[in-house]
Amino acid sequence: MNPIFQGVLTIVIGVGGCIAYFYLSNFILDRFIFPAKGKDPGKNINRANQVRPWLFMFPAVFALGLYLAYPVVGSFWRSLYNRSGDEFIGFGNYANLFASDEFQTAFFNNILWILFVPAASTFLGLLAAQLTDKLRWGNIAKSLIFMPMAISFVGASLIWKFVYAVDEDIGLINAVRDSFGMEPLDVLQIPFWNNFFLMVILIWIQTGFAMVILSAALRGIPEETIEAAIIDGANPFQLFFKIMVPQIMGTIVVVWTTITVLVLKVFDIVYTMTGGNFGTDILPSYMMSFMFRDDGRATAVAFVIMIVVLPVMIWNIRQARKELR
Amino acid sequence: QNLEFEPGSGEFNWDSFDQFAGQYDLSGQSIEITGPWTGLDSDLFTSVTAYFEEATGATVNYSGSDSFEQDIVISTEADSAPNIAVFPQPGLASDLASRGELTPLGEETADWIRENYAAGDSWVDLATFAGPDGEEQLYVFPYKIDVKSIVWYVPEAFEEMGYEIPETMEELKDLTQQIVDDGGTPWCIGLGSGAATGWPATDWVEDMMLRTQPPEVYDQWVTNEIPFDDPAVVNAIEEYGWFSRNDDFVSGGAEAVASTDFRDAPSGLFQFPPECYMHKQATFIPTFFPEGTEVGLDVDFFYFPAYEEQDLGRPVLGAGTMFAITNDSEAAQAFVEFLKTPIAHEIWMAQSGFLTPYADANPAVFPSDVQRNLNQILTEATTFRFDASDLMPGEIGAGAFWTGMVDYQTGAGAEDVTGQIQDRWEQIQ
Amino acid sequence: MAELTLTDVKKAYGNVTVLSDINLHIDKGELVVFVGPSGCGKSTLLRMIAGLEKISGGELKIDGVVVNNMPPAQRGIAMVFQSYALYPHMTVRDNMAFALKIAKKSKEEIDAAIANAARILQLEPYLDRLPKALSGGQRQRVAIGRSIVRDPKVYLFDEPLSNLDAALRVATRIEIAQLKEAMPESTMIYVTHDQVEAMTLASRIVVLAGGGISQVGTPLELYEKPQNEFVAQFIGSPAMNLLPGEIVETGERTVVKLKGGGTAVSHYPSQQSDMGAKVNVGVRPEDLIETPGPEYLYRNTVDITEALGEVTILYFHQEGDSGHQVIAKLPGIHKELRGRDVMLNADPSKVHVFLDGKSLLYR
Amino acid sequence: MAELTLTDVKKAYGNVTVLSDINLHIDKGELVVFVGPSGCGKSTLLRMIAGLEKISGGELKIDGVVVNNMPPAQRGIAMVFQSYALYPHMTVRDNMAFALKIAKKSKEEIDAAIANAARILQLEPYLDRLPKALSGGQRQRVAIGRSIVRDPKVYLFDEPLSNLDAALRVATRIEIAQLKEAMPESTMIYVTHDQVEAMTLASRIVVLAGGGISQVGTPLELYEKPQNEFVAQFIGSPAMNLLPGEIVETGERTVVKLKGGGTAVSHYPSQQSDMGAKVNVGVRPEDLIETPGPEYLYRNTVDITEALGEVTILYFHQEGDSGHQVIAKLPGIHKELRGRDVMLNADPSKVHVFLDGKSLLYR
Amino acid sequence: MDNIAGKKSGLTWAVNISVIVMVLLWLIPTVGLLVSSFRDRDQISASGWWQAPFSVELTYATRASDPVVTDEGAYIIEGNIFATDEVAASFAAGESTISAFGDTGRNPAEFPAGGQADLGDGEILTVQPNGDYRYVLPEEPRRPPRIYFEAETPPEFTLDNYRTVLTADNMDRAFINTMTVTIPATIIPILIAAFAAYALAWMDFPGRGLLIAAVVGLLVVPLQLALVPLLKLHQAIGIGQSFLGIWLAHTGFGLPLAVYLLRNYMVGLPRDIIESAKVDGATDFQLFVRIVLPLSFPALAAFAIFQFLWTWNDLLVAKVFLPSADEAKVMTVKIADDLLGSRGGDWGILATAAFVSIAVPLVVFFAMQKYLVRGLLAGSVK
Ligand SMILES: Nc1ncnc2c1ncn2[C@@H]1O[C@H](COP(=O)(O)OP(=O)(O)OP(=O)(O)O)[C@@H](O)[C@H]1O
Ligand SMILES: Nc1ncnc2c1ncn2[C@@H]1O[C@H](COP(=O)(O)OP(=O)(O)OP(=O)(O)O)[C@@H](O)[C@H]1O
Ligand SMILES: [Mg+2]
Ligand SMILES: [Mg+2]
């Protein structure tokens, strides 16, 4: 079969099946199970309406349960077993992890990432949003800053090799150093700071994301409050930090959270740039070194990751509940 | 299918081909093969399978992946394993064998290897693992060997400076010093390889082990009978360090070694003036030489020599790929049989980058002396040992050992590094 | 506490001229109201005075100083916005304190100013609340409070009451009037399109229309002596009826023979030369009174009546599409008039005559 | 074309009872207006009738059928929302056609219905525009058109005009009145808090307050004979003045000696037993007239005057904090009254007397 | 805001300049990649990409491969350097000038061009700037002798990398596979999430609050955690490694964010419109399809962009849930495992591959950018 045809067919089947489910399930509910007929159609309609939310929710609940909730529980269980999964060892895997230097490095680095990347991305995104909003060519600037979002993490790592490479004919940094007559330097080997050079890559990617959302939020600020502040004599900095930023605090927090969550999932950058060497390992990439080898430990690392995000998660749930009330 | 060499032509062992063709008719059947070969290697391999297809009428679908190790684990877990998997490391194959994912190849194949491969017993040992029931059986078929104890150099650069090919390790060390004295840089070393960064250093250390310790110690090291932090290992690492941790000896300085990509490292040989004069790397490396570089003319190699004073003969470190049946079928069995024919080796030999311990394969088909010489290093070896890191458990050989070497390269002490690796090893036992 | 002078002020957005030839002098202590149809440029003019819009041409002086290029904060103005524009993340107190903090006033000064403003506006109980916990009226009071604490030379209000509901609007309007009274020195400019607000608050009203000033005057001047048809119809609700006719008698008083057959007598003087001129006679609905005849100004069948209790509004049948509907507003309740033929007349002192759209009074 | 009966209807959100004991019968062809202070439950009641809120207790019948549990679509109602609630992604035509398409009407039927509605509402030129390309008034007409095409039993309007500006509001109000006239059979329920709308449109007004119905009656009944102080003050603007006093004469007419010193004579009858009772006397501002004395109902110093041209509003000085401010509305212009001591009286037929908040008329 | 009187133009300048600096910082790495994708491997390691548009002095080695002529006991080789085998390809693009030459790799630019060099042992080499050389040797050379030279190299760009990447075996197939994965993996979760979001936003049922909280909680589940158990699950129910499996996987992983964003958006739709449609007789299904869905378009588009970018660039999920056979590889896998494996050192190919794989997402992004901003505005600012 022609691959294009096959591709189109699979697409049609996949999407079509999904549409068919919703259409048919509703159709059957309204037409056969609780038809709006008979002597009290209102009652039937009401009954149908009690079932309907679950029809609507079912695929999502099912997929979420199966693809996220079940693995979380299953993995936790798995993390209590040994390497080959045949012996229950309680928190042995966790104990081993915390005893290991590499894990501690990864854990510490991960905390650095969590603190630094969301903060920097959000801040730069905010700055970019505010500055570009005022410019005539702001939209072009925005598009360019957003562009890294479209690049895969692996592609991004590659791009940054052209900046970090030691060879002064490839790496931009060393080319600049070279032109000042300085020795080439491998920035990825500078202890501690190399973490930041890796973080820069993720920040580079995520700033666009933060910018787009925050710029939308900034535009949502009532113009009048800004004008009022101008009349009150606020200078541009006071205007920005005392009037605009507080008003979009909610959005800033959402952006911050989203990026934090992302930081905990991204392993590609470290994996491809340094392979976790030179003291740059982080938990997700550390976990990769156990994947498919020692599932007990791999899942234990995953759980540590989850626990690191737990505050963010609880905070988010609280937020959602508050909003509901 | 177009065959690379017309049957009947050249010095190939066409009889074996005809005979094989006579035995099998598998028309309509097909086999899936996955392996680590991509790009050029993958083309070469398919040029071999073409003969299998021609002989049996079966179809062979090969797909290669750079992350073959992960893929094969996933696909065996998913029960969608190919018929045959080509393992670059015995370690992983042994894992899968113990989980019952591999089909044993039988005693008769083991005998065949013992008889027909040079140093046959060591090959059979290498290919024999414990099955799911704990019983030791032959599970993989070694095919296509790489020799690692090789140093690449540019003959013209040597000529200009009047350097001689060193015959012993002592001479090599002298030459290294000599080059520095002449104002040059002797070595290009690069450990970078993405997530696998560090592995080239493990080859150095293994070669040094073979040159400082008897092969038995090497074997004990591989199985952790002597601890990883044994003075013998520490010594071997420090031998490597003699070369790599001296800023004058390595291009870019010791620090650059850790981050230079192993694929970029040899390019220093070809600069003017040369950024370095020697590069130790396995037989596959010419793929990464600049376009148009002709091996034998523009670049050549010599055996990474042994210490004269140690009297350990000519040890050779190597690696190789192992064929295993991951999803049994008639055609898969036939394919293993096909690998026993000389023609299956000769086709690849006649092109490039293929070495084999199979005595019946005719060395005359090698396209160049270079290849023949290489194969000779293999066949003249007094000791042949398989890459230790490939034999160690994955966490060590493809994990802790790699990162340990990076740590060592960037300044950590050999004792510390080996101590940590040993700790790790103990944890997984 | 300041006087304002606008000389030939102009505003254009690109090629579109929104306002031009604005000449206006506002004295210290005045409360001037800008009214006009939507989009006529009221807000724009106010914002130019505030400095929130650049002035495209002409000159704006505050207390004799040209301020065209002075940033808003330096002009000594305070502005109250339609949407209140409170800082949502600050308490009432902080909202009011913001400008003072920016100006680096001392803590005592700030506290004193806030206490004073809060007392005047009865905001004491709310000082520590966030704006969202306040009702609309309270928010507007905070917005005003924010202006007061700064003790500005000029207060600017842009439709400050239009987001409030009817009852609150009346109450707050009276509060503003009292506030003005309490600060007789302060100059205020107030934009609205609510007539009642304009009429009750203004010391002078500026009617803007068609990119310029249509008339400036006290509320009653505008009501009693509109300069042109636009002002005549714009001030007063329902709008003044305009009836076309022809002058048949000139002199001290003018008599106009109307198209509908009636005769209007106006106290507007006219000249000999006006004889026979086509004019529009303007009579406010509330000035029409029922008359038994035979003399009448307007006569027609009542189409709809709306009884509001206090007054009854009569909508007359419209002949064809020509002209506006004629409306009369009679005091008391008149249910019975619907569908009847009614004759109406008006006191000559309340009959306006417009020639070419301009009042005969002003030529 | 339907009648509605509400029996003991009740609405509670959790523990909070918003409405209770609502008993109301609406006849075919009536236009009933719900008024009441903000938050009194007008919208809630309307939405219960529409089926958008569950009815917590009691019974709602449309045309004799209990519809408590019937979903909105089946009740044969149409609703016009304050925010118009047009479907922004559909053209005017599609907006109007939506309900009909859902009901699987034929193409011809749909076209005919739309053509008819568009003609009535003069929407023909806009049929293919999207709502965002329409002005507020046009949008509201579309919303009404959307109701009309469905030919519902009951029309429900929830403050349909409150998003329009003053002039448009008047115009659209008149359009709705004409529409009602054109469809005398249709039953309409209309929620507003604009008095003028209520007074002019309603055949009956329902005043809601404190979770129940305060009074039901025609507009003039409410204006002339309010059942209680609440209705008295709620209907009419500015609100009726309430002056405390003591009954000194009973019988056909009642005489009350007021606290402020005046004497109020009312045509309200009273009983012997009422003698000496503490009552509130209600007089609408517009019913107060200046009197030279010596008989007067109210006497005080004028604090503020607001000249609206047509009338002048007098605000009297307030003694202490007790009681509301007293307001009078005199026809014409009276600039000179400010600060003067004025005596006012009122026609006995316009003087209301409330005992314990209830009108003496209704007991 | 531009209209404020008395605004200092210095500030505007500062803003403009800082944005330019920022954009440059953001752009430079990508530009480097783009430029490198048009250069071949040797060029990349010879000079920085920032030098690519300029001529650079580079050192070359070649062999005097022209025929040897004997003349009075001397062996003479004559010809033009630029035409010799080894470097002919490098100078195919145009003329160049030689500035210096030499005969040893250690000192490749020993002699200025145009002069004659006495190399000792009777060897004489003359090289003209235009490339003409004359090599005089006392003995017959065993192989063509080496000549090293330094020449001005004109900028050179090549489409070879693109040709290599785009015509790589099965690349077309990989592209189609990527589409096959991406499109349903974008649309299905949106559909499912939209229905769920609608239910969570506008339908009243017990447990709604709990479900919303659960969705938010699941936002942070690390993806890696789920891979192994799910693969086993797919295995158990017979899906195995297949497109169906990867759609389901992407759907599951993308859902929390989708439900979260869409619900936030839908909650913000005017209640009146929803109720109006109910009064008009629409069922929930009709209401959803005809009113809510069209009105939520900005949010749908915003999420679609995210999901698209995510699935398009995904490597991990594709590797786990798709068979490793060649005909099922998606582009990322193809590039990472196939192209890069054999050409890991080839920066040019790497750069090109990266560029090829971002081209489509970029087009999608620029096409939908408008909706992205609008959708996010409504979705997150609440
Ligand atoms: N930035 C702008 N660009 C072009 N025209 C504008 C701009 N701002 C306002 N206008 C135009 O200027 C005119 C005056 O606007 P303005 O807001 O001052 O009217 P307004 O009298 O305040 O109306 P409203 O009573 O509705 O508030 C309008 O016609 C408007 O279209
Ligand atoms: N979902 C709810 N939960 C609790 N109380 C509610 C809810 N909806 C409305 N209410 C309360 O019901 C009362 C009646 O509200 P409703 O909207 O009917 O008032 P209204 O008379 O229409 O007011 P307005 O004139 O401001 O529109 C209010 O006090 C309101 O607080
Ligand atoms: Mg305005
Ligand atoms: Mg309401």
# chains A, B, ... in the order shown; residues from 1 in each chain; ligands from 1
call {"tool": "residues_near_ligand", "arguments": {"ligand": "ligand 4", "cutoff": "9 Å", "atoms": "only C-alpha atoms and all ligand atoms", "output": "count of residues only"}}
result
14
call {"tool": "select_by_dssp", "arguments": {"residues": "stretch 225-315 of chain E", "states": "alpha helix (DSSP H)", "output": "ChimeraX atom specification"}}
result
/E:225-237,243-267,271-279,284-286,293-295,297-313
call {"tool": "residues_around", "arguments": {"residues": "stretch 304-321 of chain E", "least_positions_apart": "2", "cutoff": "7 Å", "atoms": "only C-alpha atoms", "output": "list of chain:residue names"}}
result
A:Ala150, A:Ser152, B:Ile74, E:Thr178, E:Thr182, E:Thr186, E:Leu231, E:Gln241, E:Ser242, E:Gly245, E:Ile246, E:Gly254, E:Leu300, E:Ala301, E:Ala302, E:Pro323, E:Thr332, E:Val333, E:Pro361, E:Phe365
call {"tool": "write_last_selection", "arguments": {"atoms": "N, CA, C and O atoms", "output": "compact mmCIF listing (two decimals), in the first residue's frame"}}
result
# COMPACT_ATOMS: atom_id res chain seq x y z
N ALA A 150 9.98 25.72 19.03
CA ALA A 150 9.66 24.75 17.98
C ALA A 150 10.78 23.74 17.78
O ALA A 150 10.66 22.81 17.01
N SER A 152 13.32 20.81 18.85
CA SER A 152 13.36 19.71 19.81
C SER A 152 14.54 19.90 20.74
O SER A 152 15.49 20.61 20.44
N ILE B 74 13.26 -2.80 24.60
CA ILE B 74 11.86 -2.41 24.49
C ILE B 74 11.08 -3.41 23.66
O ILE B 74 10.01 -3.87 24.05
N THR E 178 5.82 10.43 10.79
CA THR E 178 5.71 11.51 11.77
C THR E 178 4.34 12.15 11.69
O THR E 178 3.69 12.39 12.70
N THR E 182 1.71 12.43 14.47
CA THR E 182 1.46 13.76 15.02
C THR E 182 0.02 14.20 14.89
O THR E 182 -0.56 14.72 15.83
N THR E 186 -2.40 14.83 17.92
CA THR E 186 -2.77 16.19 18.29
C THR E 186 -4.29 16.32 18.38
O THR E 186 -4.81 16.91 19.31
N LEU E 231 3.89 0.05 28.22
CA LEU E 231 4.29 -0.82 27.13
C LEU E 231 3.81 -2.25 27.44
O LEU E 231 3.26 -2.94 26.58
N GLN E 241 3.47 -2.60 19.90
CA GLN E 241 4.06 -1.38 19.41
C GLN E 241 3.41 -1.03 18.09
O GLN E 241 3.63 -1.71 17.10
N SER E 242 2.60 0.00 18.10
CA SER E 242 1.88 0.32 16.87
C SER E 242 1.47 1.79 16.92
O SER E 242 1.61 2.45 17.94
N GLY E 245 -1.00 2.46 19.51
CA GLY E 245 -0.39 2.57 20.83
C GLY E 245 0.20 3.95 21.07
O GLY E 245 -0.01 4.54 22.13
N ILE E 246 0.88 4.49 20.08
CA ILE E 246 1.53 5.78 20.32
C ILE E 246 0.50 6.90 20.38
O ILE E 246 0.63 7.85 21.14
N GLY E 254 -0.76 13.96 27.01
CA GLY E 254 -1.11 15.35 26.70
C GLY E 254 -2.39 15.81 27.39
O GLY E 254 -2.65 17.00 27.48
N LEU E 300 -8.30 25.95 21.59
CA LEU E 300 -8.00 24.69 20.91
C LEU E 300 -6.72 24.84 20.09
O LEU E 300 -5.84 24.00 20.11
N ALA E 301 -6.64 25.96 19.39
CA ALA E 301 -5.46 26.18 18.56
C ALA E 301 -4.22 26.29 19.41
O ALA E 301 -3.17 25.74 19.08
N ALA E 302 -4.35 26.99 20.53
CA ALA E 302 -3.18 27.15 21.40
C ALA E 302 -2.70 25.79 21.88
O ALA E 302 -1.51 25.47 21.79
N PRO E 323 7.45 0.31 16.80
CA PRO E 323 8.44 -0.72 16.54
C PRO E 323 9.72 -0.09 16.00
O PRO E 323 9.69 0.96 15.37
N THR E 332 12.25 12.03 14.09
CA THR E 332 13.20 12.23 15.17
C THR E 332 14.03 10.97 15.40
O THR E 332 15.24 11.04 15.58
N VAL E 333 13.37 9.85 15.35
CA VAL E 333 14.09 8.60 15.57
C VAL E 333 15.05 8.35 14.42
O VAL E 333 16.21 7.99 14.60
N PRO E 361 7.19 22.48 12.34
CA PRO E 361 6.66 23.16 13.52
C PRO E 361 6.69 24.68 13.38
O PRO E 361 5.77 25.36 13.81
N PHE E 365 3.64 27.04 13.70
CA PHE E 365 3.62 28.09 14.71
C PHE E 365 3.28 29.44 14.10
O PHE E 365 2.41 30.16 14.59
call {"tool": "residues_around", "arguments": {"residues": "D:Leu297", "least_positions_apart": "2", "cutoff": "12 Å", "atoms": "only C-alpha atoms", "output": "CSV table (one decimal) with N, CA, C and O atoms, in the first residue's frame"}}
result
chain,number,residue,atom,x,y,z
D,241,ASN,N,-40.8,61.1,49.7
D,241,ASN,CA,-40.4,61.5,51.0
D,241,ASN,C,-41.2,60.8,52.1
D,241,ASN,O,-42.4,60.8,51.9
D,242,LEU,N,-40.6,60.4,53.1
D,242,LEU,CA,-41.4,59.8,54.2
D,242,LEU,C,-41.1,60.7,55.4
D,242,LEU,O,-40.0,60.9,55.8
D,243,LEU,N,-42.2,61.2,56.0
D,243,LEU,CA,-42.1,62.1,57.1
D,243,LEU,C,-42.8,61.5,58.3
D,243,LEU,O,-44.0,61.2,58.2
D,244,PRO,N,-42.1,61.3,59.4
D,244,PRO,CA,-42.8,60.7,60.6
D,244,PRO,C,-43.7,61.7,61.3
D,244,PRO,O,-43.5,62.9,61.3
D,245,GLY,N,-44.8,61.2,61.8
D,245,GLY,CA,-45.7,62.0,62.5
D,245,GLY,C,-46.7,61.2,63.3
D,245,GLY,O,-46.5,60.0,63.5
D,255,VAL,N,-55.6,63.3,59.3
D,255,VAL,CA,-54.7,64.4,59.5
D,255,VAL,C,-53.5,63.9,60.4
D,255,VAL,O,-53.8,63.3,61.4
D,256,VAL,N,-52.4,64.3,60.0
D,256,VAL,CA,-51.2,63.8,60.7
D,256,VAL,C,-50.4,65.1,61.1
D,256,VAL,O,-50.1,65.9,60.3
D,257,LYS,N,-50.0,65.1,62.4
D,257,LYS,CA,-49.2,66.2,62.8
D,257,LYS,C,-47.7,65.6,62.7
D,257,LYS,O,-47.4,64.6,63.2
D,258,LEU,N,-47.0,66.4,61.9
D,258,LEU,CA,-45.6,65.9,61.6
D,258,LEU,C,-44.6,66.3,62.6
D,258,LEU,O,-44.8,67.4,63.2
D,259,LYS,N,-43.6,65.6,62.7
D,259,LYS,CA,-42.5,65.9,63.7
D,259,LYS,C,-41.9,67.2,63.4
D,259,LYS,O,-41.6,68.0,64.3
D,260,GLY,N,-41.7,67.5,62.1
D,260,GLY,CA,-41.1,68.8,61.7
D,260,GLY,C,-41.9,70.0,62.0
D,260,GLY,O,-41.5,71.1,61.7
D,261,GLY,N,-43.1,69.8,62.4
D,261,GLY,CA,-44.0,70.9,62.7
D,261,GLY,C,-45.1,71.1,61.8
D,261,GLY,O,-46.1,71.7,62.1
D,262,GLY,N,-45.1,70.5,60.6
D,262,GLY,CA,-46.1,70.7,59.6
D,262,GLY,C,-47.3,69.8,59.9
D,262,GLY,O,-47.3,68.9,60.8
D,263,THR,N,-48.3,70.0,59.1
D,263,THR,CA,-49.5,69.2,59.2
D,263,THR,C,-49.8,68.6,57.8
D,263,THR,O,-49.9,69.3,56.8
D,264,ALA,N,-50.0,67.2,57.8
D,264,ALA,CA,-50.3,66.6,56.5
D,264,ALA,C,-51.8,66.2,56.5
D,264,ALA,O,-52.3,65.6,57.5
D,265,VAL,N,-52.5,66.5,55.5
D,265,VAL,CA,-53.9,66.1,55.3
D,265,VAL,C,-53.9,65.0,54.2
D,265,VAL,O,-53.4,65.3,53.1
D,266,SER,N,-54.4,63.8,54.5
D,266,SER,CA,-54.4,62.8,53.5
D,266,SER,C,-55.9,62.3,53.2
D,266,SER,O,-56.7,62.3,54.1
D,281,VAL,N,-45.8,59.7,56.9
D,281,VAL,CA,-46.5,60.3,55.8
D,281,VAL,C,-45.6,60.3,54.6
D,281,VAL,O,-44.5,60.7,54.6
D,282,GLY,N,-46.2,59.9,53.5
D,282,GLY,CA,-45.4,59.8,52.2
D,282,GLY,C,-45.9,60.9,51.2
D,282,GLY,O,-47.1,60.9,50.9
D,283,VAL,N,-45.0,61.7,50.8
D,283,VAL,CA,-45.3,62.6,49.7
D,283,VAL,C,-44.2,62.6,48.6
D,283,VAL,O,-43.0,62.6,49.0
D,287,ASP,N,-45.0,66.0,44.1
D,287,ASP,CA,-46.3,66.5,44.5
D,287,ASP,C,-46.3,67.6,45.5
D,287,ASP,O,-47.3,68.1,46.0
D,288,LEU,N,-45.1,68.0,45.9
D,288,LEU,CA,-44.9,69.1,46.9
D,288,LEU,C,-45.0,70.4,46.1
D,288,LEU,O,-44.4,70.5,45.0
D,289,ILE,N,-45.8,71.3,46.6
D,289,ILE,CA,-45.9,72.6,45.9
D,289,ILE,C,-45.5,73.7,47.0
D,289,ILE,O,-45.8,73.5,48.2
D,290,GLU,N,-45.0,74.8,46.5
D,290,GLU,CA,-44.7,75.8,47.3
D,290,GLU,C,-45.9,76.5,47.8
D,290,GLU,O,-46.9,76.6,47.1
D,291,THR,N,-45.9,76.9,49.1
D,291,THR,CA,-47.1,77.5,49.6
D,291,THR,C,-46.7,78.7,50.4
D,291,THR,O,-45.6,78.7,51.1
D,292,PRO,N,-47.5,79.8,50.4
D,292,PRO,CA,-47.1,81.0,51.1
D,292,PRO,C,-47.3,80.8,52.6
D,292,PRO,O,-46.9,81.5,53.5
D,293,GLY,N,-48.0,79.7,53.0
D,293,GLY,CA,-48.3,79.5,54.4
D,293,GLY,C,-49.7,80.1,54.7
D,293,GLY,O,-50.4,80.5,53.8
D,294,PRO,N,-50.2,80.1,55.9
D,294,PRO,CA,-49.4,79.6,57.1
D,294,PRO,C,-49.5,78.1,57.2
D,294,PRO,O,-48.8,77.4,57.9
D,295,GLU,N,-50.5,77.5,56.5
D,295,GLU,CA,-50.7,76.0,56.5
D,295,GLU,C,-49.5,75.4,55.7
D,295,GLU,O,-49.3,75.8,54.5
D,299,ARG,N,-41.5,72.4,56.1
D,299,ARG,CA,-40.9,73.7,56.1
D,299,ARG,C,-39.4,73.5,56.5
D,299,ARG,O,-39.1,72.9,57.5
D,300,ASN,N,-38.6,74.1,55.7
D,300,ASN,CA,-37.1,73.9,56.0
D,300,ASN,C,-36.3,74.8,55.1
D,300,ASN,O,-36.8,75.4,54.2
D,326,VAL,N,-35.1,65.2,52.6
D,326,VAL,CA,-36.3,65.5,52.0
D,326,VAL,C,-36.0,66.2,50.7
D,326,VAL,O,-35.2,67.1,50.6
D,342,VAL,N,-38.3,77.6,53.0
D,342,VAL,CA,-39.4,77.4,52.1
D,342,VAL,C,-40.5,76.6,52.8
D,342,VAL,O,-40.3,75.7,53.6
D,343,MET,N,-41.8,76.9,52.5
D,343,MET,CA,-42.9,76.1,53.0
D,343,MET,C,-43.5,75.4,51.9
D,343,MET,O,-43.7,75.9,50.8
D,344,LEU,N,-43.8,74.1,52.1
D,344,LEU,CA,-44.4,73.3,51.1
D,344,LEU,C,-45.7,72.6,51.5
D,344,LEU,O,-45.9,72.3,52.7
D,345,ASN,N,-46.5,72.4,50.6
D,345,ASN,CA,-47.8,71.7,50.9
D,345,ASN,C,-48.0,70.7,49.8
D,345,ASN,O,-47.3,70.6,48.8
D,346,ALA,N,-49.1,69.8,50.0
D,346,ALA,CA,-49.4,68.9,48.9
D,346,ALA,C,-50.9,68.6,48.9
D,346,ALA,O,-51.6,68.8,49.9
D,347,ASP,N,-51.4,68.3,47.7
D,347,ASP,CA,-52.8,67.9,47.6
D,347,ASP,C,-53.1,66.7,48.4
D,347,ASP,O,-52.4,65.7,48.3
D,348,PRO,N,-54.1,66.8,49.2
D,348,PRO,CA,-54.5,65.6,50.1
D,348,PRO,C,-54.6,64.3,49.3
D,348,PRO,O,-54.2,63.2,49.9
D,351,VAL,N,-51.3,62.5,49.3
D,351,VAL,CA,-50.5,62.3,50.5
D,351,VAL,C,-50.8,60.9,51.0
D,351,VAL,O,-52.0,60.5,51.1
call {"tool": "atom_distance", "arguments": {"atom1": "atom CA of C:Ala277", "atom2": "atom CA of C:Ala328"}}
result
26.0 Å
call {"tool": "residues_around", "arguments": {"residues": "A:Met273", "least_positions_apart": "6", "cutoff": "12 Å", "atoms": "only C-alpha atoms", "output": "PyMOL selection string"}}
result
(chain A and resi 153-165+187-189+194-195+197-199+201+267+280-281+285) or (chain B and resi 192-197+259-261)
call {"tool": "atom_distance", "arguments": {"atom1": "atom CA of E:Ser65", "atom2": "atom CA of E:Ala117"}}
result
18.8 Å
call {"tool": "interface_residues", "arguments": {"of": "chain A", "to": "chain E", "cutoff": "6 Å", "atoms": "only C-alpha atoms", "output": "list in words"}}
result
Gly7, Ile11, Val15, Pro53, Phe56, Met57, Ala60, Ala63, Leu64, Tyr67, Pro71, Ile145, Ala150, Ile151, Ser152, Gly155, Ile159, Asp169, Ile170, Ile213, Ala216, Ala217, Thr251, Val261, Lys265, Ala302, Met313 and Ile317 of chain A
call {"tool": "select_by_dssp", "arguments": {"residues": "stretch 273-349 of chain C", "states": "strand (DSSP E)", "output": "PyMOL selection string"}}
result
chain C and resi 278-283+288-290+298-307+311-316+327-331+341-346
call {"tool": "interface_residues", "arguments": {"of": "chain E", "to": "chain C", "cutoff": "7 Å", "atoms": "only C-alpha atoms", "output": "PyMOL selection string"}}
result
chain E and resi 3-7
call {"tool": "write_last_selection", "arguments": {"atoms": "C-alpha atoms", "output": "CSV table (one decimal), in the first residue's frame"}}
result
chain,number,residue,atom,x,y,z
E,3,ASN,CA,0.8,59.0,23.2
E,4,ILE,CA,1.8,60.0,26.7
E,5,ALA,CA,3.0,63.6,26.6
E,6,GLY,CA,6.5,64.3,27.5
E,7,LYS,CA,7.7,60.8,27.1
